[in-house]
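Asker: Can you keep this structure in mind? I'll have questions shortly.
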Amino acid sequence: MNTIINRMQGNTPKFFKILRTIGVTLAAVSAAVFASPAHLPKIVTELAGYLAVAGSVMGAVSQTAVLNEDE
């Protein structure tokens with residue numbers, strides 16, 4: 001467990017920072033779709049659910065990437 005915490009606090013490479021930002025953006029877009037007061041087609045809400053999962057996983061995995069694992 002201590003290793004995971006250290007990885008989350010370590011330096012993240014630039015590529016994974018970009019992926020993390022994309023993941024957070026996807027999750028935010030899906031949250032906006034779910035919070036929309038307008039009645040949306042079922043396919044749109046299903047797609048928003050998939051985007052929420054994909055964005056969350058992408059953000060979490062990208063955060064655990066470290067610049068130098070040797071340290």
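Chain labels run A, B, ... following the order of the structure tokens; each chain numbers its residues from 1, and ligands are numbered from 1 in the order shown.
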Where in chain A does DSSP assign alpha helix (DSSP H), given as a PyMOL selection string?
Answerer: chain A and resi 2-9+14-35+42-63
Asker: For CA of Val33 in chain A and CA of Ser56 in chain A, determine how far apart the two atoms are, in Å to one decimal place.
Answerer: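 Going from CA of Val33 in chain A over to CA of Ser56 in chain A covers 15.5 Å.
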Asker: One decimal, in Å: what's the spacing between CA of Ile18 in chain A and CA of Ser36 in chain A?
Answerer: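 According to the coordinates, CA of Ile18 in chain A and CA of Ser36 in chain A are separated by 27.0 Å.
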Asker: Using only C-alpha atoms, which of A:Gly23, A:Lys42, A:Gly10, A:Thr3 sits nearest Ala60 in chain A?
Answerer: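 Counting only C-alpha atoms, the residue closest to Ala60 in chain A is A:Gly23.
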Asker: Between CA of Met8 in chain A and CA of Gly55 in chain A, measure the distance and give it in Å to one decimal.
Answerer: 17.2 Å
Asker: Excluding same-chain residues fewer than 3 positions from Gln9 in chain A, what lies within 12 Å of it counting only C-alpha atoms, as a list in words?
Answerer: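 Listing them by chain and then by number gives Asn2, Thr3, Ile4, Ile5, Asn6, Thr12, Gln63, Thr64, Ala65, Val66 and Leu67 of chain A.
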Asker: Closest to Ala54 in chain A among A:Ala31, A:Met1, A:Leu26, A:Leu40, using only C-alpha atoms?
Answerer: A:Leu26
Asker: Of the residues A:Ser30, A:Pro41, A:Leu19, A:Asn68, which is the one nearest to Val53 in chain A, using only C-alpha atoms?
Answerer: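 Closest to Val53 in chain A of all the choices is A:Ser30.
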